[in-house]
Amino acid sequence: MQPATFLQTLHASVRQLLATVETELSPLPDAVLNFKPRPDSWSVFECLEHLNRYSRYYQPALTKALARPGTSADEVRYSWLGRKSLDIVRPDNGQQHKTVKHMNPAGSQLTRAVLTEFLGHQTELLHLLTAARATDLNRRAVPVEFFRLLKLRVGETLEFVVRHEERHLQQAQRVARVAQASAPALAV
């Protein structure tokens, strides 16, 4: 895919994520946002906190990578590691994957501050996607969070972050629907 088209696609995805959280999740009461369908599942707040934890790592790493100007080749390319990482977080990949301990928010005491932080991260991600127009998306520059000796390409990392967010936002939406259906009193 051409770099400009690639970045426009990711930009549109992030704007959709923002709109979904603002219109579907933010208006819900805290009881719905804290609801867990099962003790071992995540609440809406926990889904978003998981994404916040990833943003706290990847956004500074991307900012650093984007500080080096350059131009991409004709096509955005993927390494084996990039393809594998994207396959795991693809929203339509129904397989569950165990998250690393420090990225697992289960059991956290969470408030609406999680929503505010998430929305702020999305705004920052939009800025990063705009800044990415002036860099080489195929340059290996972003260390993988759980094993920093491995590096993803800038474009792979941007897509990984967005697809990972889409995956967990879909999870949060499913949890919200279950909360509203199984306990209508929570939705008041």
# chains A, B, ... in the order shown; residues from 1 in each chain; ligands from 1
>>> closest_atom_pairs(of="region 86-169 of chain A", to="region 30-47 of chain A", cutoff="8 Å", atoms="only C-alpha atoms", output="CSV")
residue,atom,partner,partner_atom,distance
A:Pro105,CA,A:Glu46,CA,5.5
A:Ala106,CA,A:Trp42,CA,6.3
A:Ser108,CA,A:Glu46,CA,7.5
A:Leu110,CA,A:Phe45,CA,6.5
A:Thr111,CA,A:Phe45,CA,7.4
A:Arg112,CA,A:Asp30,CA,7.6
A:Val114,CA,A:Phe45,CA,6.5
A:Leu115,CA,A:Phe45,CA,7.5
A:His168,CA,A:Cys47,CA,5.9
A:Leu169,CA,A:Cys47,CA,7.1
>>> select_by_dssp(residues="region 2-184 of chain A", states="helix (DSSP H, G or I)", output="ChimeraX atom specification")
/A:3-25,30-33,44-66,80-89,101-103,113-134,154-182,184
>>> closest_residue(among="A:Ile88, A:Met103, A:Ala113, A:Leu137", to="Arg53 (chain A)", atoms="only C-alpha atoms")
A:Met103
>>> closest_residue(among="A:Arg83, A:Gln173, A:Ala181, A:Leu18", to="Leu126 (chain A)", atoms="only C-alpha atoms")
A:Leu18
>>> atom_distance(atom1="CA of Phe160 (chain A)", atom2="CA of Ala12 (chain A)")
14.8 Å
>>> residues_around(residues="Glu124 (chain A)", least_positions_apart="2", cutoff="12 Å", atoms="only C-alpha atoms", output="list in words")
His11, Val14, Arg15, Leu18, Asn52, Ser55, Arg56, Tyr58, Gln59, Pro60, Leu62, Thr63, Glu117, Phe118, Leu119, Gly120, His121, Gln122, Leu126, His127, Leu128, Leu129, Thr130 and Ala131 of chain A
>>> closest_residue(among="A:Met1, A:Leu28, A:Leu86, A:Ala19", to="Ala179 (chain A)", atoms="only C-alpha atoms")
A:Leu28
>>> select_by_dssp(residues="region 4-160 of chain A", states="strand (DSSP E or B)", output="ChimeraX atom specification")
/A:140-144,147-153
>>> write_last_selection(atoms="N, CA, C and O atoms", output="CSV table (one decimal), in the first residue's frame")
chain,number,residue,atom,x,y,z
A,140,ARG,N,13.3,0.2,10.6
A,140,ARG,CA,13.1,-0.5,11.8
A,140,ARG,C,13.6,0.4,12.9
A,140,ARG,O,14.8,0.8,13.0
A,141,ALA,N,12.7,0.9,13.8
A,141,ALA,CA,13.0,1.9,14.7
A,141,ALA,C,12.3,1.8,16.1
A,141,ALA,O,12.7,2.5,17.0
A,142,VAL,N,11.3,0.9,16.2
A,142,VAL,CA,10.5,0.9,17.4
A,142,VAL,C,10.7,-0.4,18.1
A,142,VAL,O,10.3,-1.5,17.6
A,143,PRO,N,11.3,-0.4,19.3
A,143,PRO,CA,11.5,-1.7,20.0
A,143,PRO,C,10.2,-2.3,20.5
A,143,PRO,O,9.2,-1.5,20.9
A,144,VAL,N,10.1,-3.6,20.4
A,144,VAL,CA,8.8,-4.3,20.8
A,144,VAL,C,8.8,-4.2,22.3
A,144,VAL,O,9.7,-4.4,23.0
A,147,PHE,N,10.0,-7.3,24.4
A,147,PHE,CA,11.3,-7.8,24.1
A,147,PHE,C,12.0,-6.7,23.3
A,147,PHE,O,12.0,-6.8,22.1
A,148,ARG,N,12.6,-5.8,24.0
A,148,ARG,CA,13.1,-4.6,23.3
A,148,ARG,C,14.3,-4.7,22.4
A,148,ARG,O,14.7,-3.8,21.7
A,149,LEU,N,14.9,-5.9,22.4
A,149,LEU,CA,16.0,-6.1,21.4
A,149,LEU,C,15.4,-6.3,20.0
A,149,LEU,O,16.1,-6.0,19.0
A,150,LEU,N,14.1,-6.7,19.9
A,150,LEU,CA,13.5,-6.8,18.6
A,150,LEU,C,12.9,-5.4,18.2
A,150,LEU,O,12.3,-4.7,19.1
A,151,LYS,N,12.9,-5.1,16.9
A,151,LYS,CA,12.4,-3.8,16.5
A,151,LYS,C,11.4,-4.0,15.4
A,151,LYS,O,11.6,-4.8,14.5
A,152,LEU,N,10.3,-3.2,15.5
A,152,LEU,CA,9.3,-3.2,14.4
A,152,LEU,C,9.6,-2.0,13.5
A,152,LEU,O,10.2,-1.0,13.9
A,153,ARG,N,9.1,-2.1,12.3
A,153,ARG,CA,9.2,-0.9,11.4
A,153,ARG,C,8.2,0.1,11.9
A,153,ARG,O,7.2,-0.2,12.6
>>> closest_residue(among="A:Thr157, A:Ser13, A:Thr123, A:Gln8", to="Ala61 (chain A)", atoms="only C-alpha atoms")
A:Thr157
>>> atom_distance(atom1="CA of Gln16 (chain A)", atom2="CA of Gln180 (chain A)")
22.4 Å
>>> atom_distance(atom1="CA of Gln109 (chain A)", atom2="CA of His50 (chain A)")
12.9 Å
>>> decode(residues="region 137-153 of chain A", atoms="all heavy atoms", output="short mmCIF file (atom, residue, chain, number, x, y, z; two decimals), in the first residue's frame")
data_model
loop_
_atom_site.label_atom_id
_atom_site.label_comp_id
_atom_site.auth_asym_id
_atom_site.auth_seq_id
_atom_site.Cartn_x
_atom_site.Cartn_y
_atom_site.Cartn_z
N LEU A 137 8.51 4.92 6.70
CA LEU A 137 7.67 3.96 7.41
C LEU A 137 8.27 2.56 7.42
O LEU A 137 7.86 1.71 8.22
CB LEU A 137 6.27 3.91 6.78
CG LEU A 137 5.47 5.20 6.84
CD1 LEU A 137 4.15 5.04 6.10
CD2 LEU A 137 5.25 5.65 8.27
N ASN A 138 9.24 2.31 6.57
CA ASN A 138 9.85 0.98 6.49
C ASN A 138 11.12 0.84 7.33
O ASN A 138 11.75 -0.20 7.34
CB ASN A 138 10.16 0.63 5.03
CG ASN A 138 8.89 0.45 4.24
OD1 ASN A 138 7.93 -0.14 4.70
ND2 ASN A 138 8.87 0.99 3.02
N ARG A 139 11.48 1.89 8.05
CA ARG A 139 12.68 1.84 8.90
C ARG A 139 12.38 1.11 10.20
O ARG A 139 11.40 1.38 10.88
CB ARG A 139 13.15 3.27 9.20
CG ARG A 139 14.45 3.34 9.97
CD ARG A 139 15.03 4.74 10.04
NE ARG A 139 14.06 5.80 10.06
CZ ARG A 139 13.49 6.29 11.17
NH1 ARG A 139 13.80 5.82 12.34
NH2 ARG A 139 12.62 7.28 11.09
N ARG A 140 13.26 0.17 10.55
CA ARG A 140 13.13 -0.53 11.84
C ARG A 140 13.60 0.43 12.92
O ARG A 140 14.78 0.76 12.99
CB ARG A 140 13.99 -1.78 11.87
CG ARG A 140 13.50 -2.87 10.98
CD ARG A 140 14.40 -4.08 11.08
NE ARG A 140 14.19 -4.95 9.95
CZ ARG A 140 13.35 -5.96 9.95
NH1 ARG A 140 12.67 -6.24 11.03
NH2 ARG A 140 13.21 -6.71 8.89
N ALA A 141 12.66 0.86 13.76
CA ALA A 141 13.04 1.89 14.72
C ALA A 141 12.32 1.78 16.06
O ALA A 141 12.66 2.48 16.98
CB ALA A 141 12.77 3.27 14.12
N VAL A 142 11.33 0.90 16.17
CA VAL A 142 10.52 0.88 17.39
C VAL A 142 10.70 -0.45 18.11
O VAL A 142 10.27 -1.50 17.62
CB VAL A 142 9.03 1.13 17.08
CG1 VAL A 142 8.22 1.19 18.36
CG2 VAL A 142 8.86 2.41 16.27
N PRO A 143 11.33 -0.43 19.29
CA PRO A 143 11.51 -1.67 20.04
C PRO A 143 10.15 -2.26 20.47
O PRO A 143 9.25 -1.54 20.87
CB PRO A 143 12.30 -1.24 21.28
CG PRO A 143 12.87 0.10 20.93
CD PRO A 143 11.94 0.71 19.94
N VAL A 144 10.05 -3.58 20.37
CA VAL A 144 8.84 -4.29 20.80
C VAL A 144 8.75 -4.18 22.31
O VAL A 144 9.75 -4.37 23.03
CB VAL A 144 8.90 -5.76 20.34
CG1 VAL A 144 7.74 -6.56 20.89
CG2 VAL A 144 8.94 -5.84 18.83
N GLU A 145 7.58 -3.90 22.82
CA GLU A 145 7.39 -3.62 24.25
C GLU A 145 7.89 -4.74 25.14
O GLU A 145 8.59 -4.51 26.12
CB GLU A 145 5.91 -3.32 24.52
CG GLU A 145 5.62 -2.80 25.90
CD GLU A 145 5.59 -3.88 26.95
OE1 GLU A 145 5.15 -5.00 26.65
OE2 GLU A 145 6.03 -3.61 28.09
N PHE A 146 7.57 -5.98 24.84
CA PHE A 146 7.89 -7.08 25.76
C PHE A 146 9.29 -7.67 25.53
O PHE A 146 9.77 -8.46 26.33
CB PHE A 146 6.84 -8.19 25.69
CG PHE A 146 6.75 -8.85 24.34
CD1 PHE A 146 7.54 -9.92 24.02
CD2 PHE A 146 5.85 -8.38 23.40
CE1 PHE A 146 7.47 -10.52 22.78
CE2 PHE A 146 5.75 -8.97 22.16
CZ PHE A 146 6.57 -10.04 21.84
N PHE A 147 9.97 -7.29 24.43
CA PHE A 147 11.31 -7.78 24.14
C PHE A 147 12.02 -6.73 23.30
O PHE A 147 11.99 -6.76 22.09
CB PHE A 147 11.25 -9.13 23.42
CG PHE A 147 12.59 -9.81 23.30
CD1 PHE A 147 13.28 -10.20 24.44
CD2 PHE A 147 13.14 -10.06 22.07
CE1 PHE A 147 14.51 -10.83 24.34
CE2 PHE A 147 14.37 -10.68 21.95
CZ PHE A 147 15.05 -11.07 23.09
N ARG A 148 12.64 -5.80 23.97
CA ARG A 148 13.11 -4.57 23.32
C ARG A 148 14.31 -4.74 22.39
O ARG A 148 14.67 -3.81 21.68
CB ARG A 148 13.37 -3.51 24.38
CG ARG A 148 12.05 -3.20 25.07
CD ARG A 148 12.11 -2.14 26.07
NE ARG A 148 10.79 -2.10 26.71
CZ ARG A 148 10.46 -1.25 27.62
NH1 ARG A 148 11.31 -0.35 28.01
NH2 ARG A 148 9.26 -1.28 28.16
N LEU A 149 14.89 -5.92 22.36
CA LEU A 149 15.95 -6.15 21.39
C LEU A 149 15.39 -6.28 19.97
O LEU A 149 16.09 -6.03 19.00
CB LEU A 149 16.74 -7.42 21.75
CG LEU A 149 17.57 -7.33 23.04
CD1 LEU A 149 18.21 -8.69 23.34
CD2 LEU A 149 18.62 -6.25 22.94
N LEU A 150 14.13 -6.68 19.87
CA LEU A 150 13.46 -6.77 18.58
C LEU A 150 12.87 -5.42 18.22
O LEU A 150 12.33 -4.72 19.09
CB LEU A 150 12.34 -7.81 18.62
CG LEU A 150 12.75 -9.25 18.89
CD1 LEU A 150 11.51 -10.13 19.03
CD2 LEU A 150 13.65 -9.76 17.77
N LYS A 151 12.94 -5.07 16.94
CA LYS A 151 12.39 -3.79 16.51
C LYS A 151 11.40 -3.99 15.37
O LYS A 151 11.64 -4.80 14.47
CB LYS A 151 13.49 -2.83 16.06
CG LYS A 151 14.35 -2.37 17.22
CD LYS A 151 15.29 -1.29 16.80
CE LYS A 151 16.07 -0.84 18.02
NZ LYS A 151 16.92 0.29 17.73
N LEU A 152 10.31 -3.24 15.45
CA LEU A 152 9.33 -3.21 14.37
C LEU A 152 9.61 -2.00 13.50
O LEU A 152 10.21 -1.01 13.95
CB LEU A 152 7.91 -3.07 14.94
CG LEU A 152 7.33 -4.29 15.64
CD1 LEU A 152 6.01 -3.93 16.32
CD2 LEU A 152 7.11 -5.44 14.65
N ARG A 153 9.14 -2.06 12.29
CA ARG A 153 9.21 -0.91 11.40
C ARG A 153 8.21 0.14 11.88
O ARG A 153 7.24 -0.19 12.56
CB ARG A 153 8.89 -1.33 9.97
CG ARG A 153 9.91 -2.30 9.41
CD ARG A 153 9.52 -2.84 8.08
NE ARG A 153 10.50 -3.83 7.66
CZ ARG A 153 10.64 -4.27 6.44
NH1 ARG A 153 9.85 -3.83 5.48
NH2 ARG A 153 11.55 -5.15 6.15
#
